[in-house]
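Below: the structure, in structure tokens.
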Amino acid sequence: MRIFIIDDNQIDLLISRKLLLKNNASLEVQEYAQARQALDDITVKQVEKPDIILLDLNMPEMDGWEFLEALKGTDVQPDLKVYVLTSSLDDRDRTKAKKYDVVEGYLTKPLNDSVIQGILA
């Protein structure tokens, strides 16, 4: 299983990676500090598509919402599962995330083992 983590916070990237690999050492995990780079890898460079994306919402340059909008028009979307991973507790963000077909869930930081196990199940 291939997972992309998109988050501008290096500590959050590290924690997410460690938790994922702790729960399944055979995962292929790719980290991105910028959403634009992940989008380019998926759509332009044609790297192997992820099965799951953990996506932070609040990032500079391209935020999570812009990433989701850009993803809409690609052929990647049908099989992809995106989990919004954010520190935002705003119910409006949760409601907005549900409007995207590709979004499987809305997760608040920090992640823990039970959440990771649910994602990987």
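Chain lettering (A, B, ...) mirrors the order of the structure tokens, residue numbering begins at 1 for each chain separately, and ligand numbering begins at 1 in order of display.
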Excluding segment 110-114 of chain A and its own-chain neighbours fewer than 2 positions away, which residues fall within 7 Å of it when counting only C-alpha atoms? Please give them as a PDB file with N, CA and C atoms, in the first residue's frame.
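In the end it all went to around04.pdb:
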```pdb
ATOM      1  N   SER A  16       3.453  11.149  11.757  1.00  0.00           N
ATOM      2  CA  SER A  16       2.551  10.377  10.895  1.00  0.00           C
ATOM      3  C   SER A  16       3.276   9.198  10.263  1.00  0.00           C
ATOM      4  N   LEU A  19       4.039   6.453  12.915  1.00  0.00           N
ATOM      5  CA  LEU A  19       2.830   5.718  13.300  1.00  0.00           C
ATOM      6  C   LEU A  19       2.374   4.767  12.197  1.00  0.00           C
ATOM      7  N   THR A 108      -8.380  14.694  13.267  1.00  0.00           N
ATOM      8  CA  THR A 108      -7.706  15.790  13.952  1.00  0.00           C
ATOM      9  C   THR A 108      -6.372  15.301  14.509  1.00  0.00           C
ATOM     10  N   ILE A 116      -4.880   5.174  12.978  1.00  0.00           N
ATOM     11  CA  ILE A 116      -4.073   4.594  11.895  1.00  0.00           C
ATOM     12  C   ILE A 116      -4.600   3.211  11.521  1.00  0.00           C
ATOM     13  N   GLN A 117      -4.918   2.404  12.500  1.00  0.00           N
ATOM     14  CA  GLN A 117      -5.439   1.062  12.225  1.00  0.00           C
ATOM     15  C   GLN A 117      -6.758   1.130  11.467  1.00  0.00           C
ATOM     16  N   GLY A 118      -7.585   2.120  11.784  1.00  0.00           N
ATOM     17  CA  GLY A 118      -8.840   2.307  11.060  1.00  0.00           C
ATOM     18  C   GLY A 118      -8.617   2.695   9.611  1.00  0.00           C
TER      19      GLY A 118
END
```
Would you pick out the contacts of Leu120 of chain A at 12 Å or less, using only C-alpha atoms, so that residues sharing its chain but fewer than 4 positions from it are not included, and give the list as a PyMOL selection string?
chain A and resi 1-3+19-27+51-54+81+83+113-116
Can I get the selected residues back with N, CA and C atoms, as a PDB file, in the first residue's frame?
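Once written, again-v7.pdb looks like this:
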```
ATOM      1  N   MET A   1       0.846  -1.177   0.000  1.00  0.00           N
ATOM      2  CA  MET A   1       0.000   0.000   0.000  1.00  0.00           C
ATOM      3  C   MET A   1       0.891   1.240   0.000  1.00  0.00           C
ATOM      4  N   ARG A   2       0.515   2.201  -0.810  1.00  0.00           N
ATOM      5  CA  ARG A   2       1.291   3.433  -0.966  1.00  0.00           C
ATOM      6  C   ARG A   2       0.514   4.597  -0.349  1.00  0.00           C
ATOM      7  N   ILE A   3       1.185   5.354   0.522  1.00  0.00           N
ATOM      8  CA  ILE A   3       0.542   6.466   1.218  1.00  0.00           C
ATOM      9  C   ILE A   3       1.368   7.732   1.041  1.00  0.00           C
ATOM     10  N   LEU A  19       4.039   6.453  12.915  1.00  0.00           N
ATOM     11  CA  LEU A  19       2.830   5.718  13.300  1.00  0.00           C
ATOM     12  C   LEU A  19       2.374   4.767  12.197  1.00  0.00           C
ATOM     13  N   LEU A  20       2.425   5.226  10.964  1.00  0.00           N
ATOM     14  CA  LEU A  20       2.030   4.373   9.845  1.00  0.00           C
ATOM     15  C   LEU A  20       2.914   3.134   9.768  1.00  0.00           C
ATOM     16  N   LEU A  21       4.222   3.346   9.818  1.00  0.00           N
ATOM     17  CA  LEU A  21       5.159   2.228   9.687  1.00  0.00           C
ATOM     18  C   LEU A  21       5.141   1.319  10.913  1.00  0.00           C
ATOM     19  N   LYS A  22       4.842   1.878  12.068  1.00  0.00           N
ATOM     20  CA  LYS A  22       4.707   1.062  13.283  1.00  0.00           C
ATOM     21  C   LYS A  22       3.542   0.081  13.136  1.00  0.00           C
ATOM     22  N   ASN A  23       2.491   0.521  12.475  1.00  0.00           N
ATOM     23  CA  ASN A  23       1.299  -0.312  12.316  1.00  0.00           C
ATOM     24  C   ASN A  23       1.362  -1.225  11.097  1.00  0.00           C
ATOM     25  N   ASN A  24       2.245  -0.905  10.142  1.00  0.00           N
ATOM     26  CA  ASN A  24       2.407  -1.755   8.966  1.00  0.00           C
ATOM     27  C   ASN A  24       3.750  -1.417   8.318  1.00  0.00           C
ATOM     28  N   ALA A  25       4.759  -2.202   8.645  1.00  0.00           N
ATOM     29  CA  ALA A  25       6.121  -1.924   8.184  1.00  0.00           C
ATOM     30  C   ALA A  25       6.281  -2.039   6.675  1.00  0.00           C
ATOM     31  N   SER A  26       5.338  -2.681   5.996  1.00  0.00           N
ATOM     32  CA  SER A  26       5.471  -2.865   4.549  1.00  0.00           C
ATOM     33  C   SER A  26       4.886  -1.702   3.740  1.00  0.00           C
ATOM     34  N   LEU A  27       4.363  -0.691   4.419  1.00  0.00           N
ATOM     35  CA  LEU A  27       3.810   0.463   3.705  1.00  0.00           C
ATOM     36  C   LEU A  27       4.905   1.222   2.972  1.00  0.00           C
ATOM     37  N   ASP A  51      -2.505   5.042  -2.694  1.00  0.00           N
ATOM     38  CA  ASP A  51      -3.800   4.465  -2.340  1.00  0.00           C
ATOM     39  C   ASP A  51      -4.530   5.394  -1.376  1.00  0.00           C
ATOM     40  N   ILE A  52      -3.733   6.039  -0.525  1.00  0.00           N
ATOM     41  CA  ILE A  52      -4.266   6.920   0.515  1.00  0.00           C
ATOM     42  C   ILE A  52      -3.419   8.181   0.582  1.00  0.00           C
ATOM     43  N   ILE A  53      -4.080   9.314   0.818  1.00  0.00           N
ATOM     44  CA  ILE A  53      -3.385  10.570   1.092  1.00  0.00           C
ATOM     45  C   ILE A  53      -3.864  11.090   2.438  1.00  0.00           C
ATOM     46  N   LEU A  54      -2.910  11.430   3.309  1.00  0.00           N
ATOM     47  CA  LEU A  54      -3.207  12.164   4.538  1.00  0.00           C
ATOM     48  C   LEU A  54      -2.888  13.618   4.232  1.00  0.00           C
ATOM     49  N   LYS A  81      -8.227   7.467  -1.771  1.00  0.00           N
ATOM     50  CA  LYS A  81      -8.873   7.819  -0.504  1.00  0.00           C
ATOM     51  C   LYS A  81      -8.048   8.920   0.150  1.00  0.00           C
ATOM     52  N   TYR A  83      -7.703  11.389   3.466  1.00  0.00           N
ATOM     53  CA  TYR A  83      -8.102  11.679   4.839  1.00  0.00           C
ATOM     54  C   TYR A  83      -7.563  13.057   5.178  1.00  0.00           C
ATOM     55  N   ASP A 113      -2.546   5.298  17.280  1.00  0.00           N
ATOM     56  CA  ASP A 113      -2.564   3.949  16.705  1.00  0.00           C
ATOM     57  C   ASP A 113      -3.953   3.505  16.264  1.00  0.00           C
ATOM     58  N   SER A 114      -4.973   3.785  17.057  1.00  0.00           N
ATOM     59  CA  SER A 114      -6.317   3.305  16.693  1.00  0.00           C
ATOM     60  C   SER A 114      -6.824   3.990  15.425  1.00  0.00           C
ATOM     61  N   VAL A 115      -6.515   5.265  15.251  1.00  0.00           N
ATOM     62  CA  VAL A 115      -6.912   5.978  14.027  1.00  0.00           C
ATOM     63  C   VAL A 115      -6.173   5.392  12.824  1.00  0.00           C
ATOM     64  N   ILE A 116      -4.880   5.174  12.978  1.00  0.00           N
ATOM     65  CA  ILE A 116      -4.073   4.594  11.895  1.00  0.00           C
ATOM     66  C   ILE A 116      -4.600   3.211  11.521  1.00  0.00           C
TER      67      ILE A 116
END
```
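Proximity to Ala70 of chain A was assessed for A:Asp7, A:Lys109, A:Ala38, A:Gln30 counting only C-alpha atoms; the smallest distance is recorded for A:Ala38.
Shell of Gly105 of chain A at 9 Å, with only C-alpha atoms counted and residues fewer than 6 places along the chain excluded, is Lys81, Val82, Tyr83, Val84, Leu85, Arg94, Ala97, Lys98 and Ile119 of chain A.
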List every residue of chain A that DSSP, applied to the backbone, labels as strand (DSSP E), and write the result as a ChimeraX atom specification.
/A:2-6,28-32,52-55,81-86,103-108
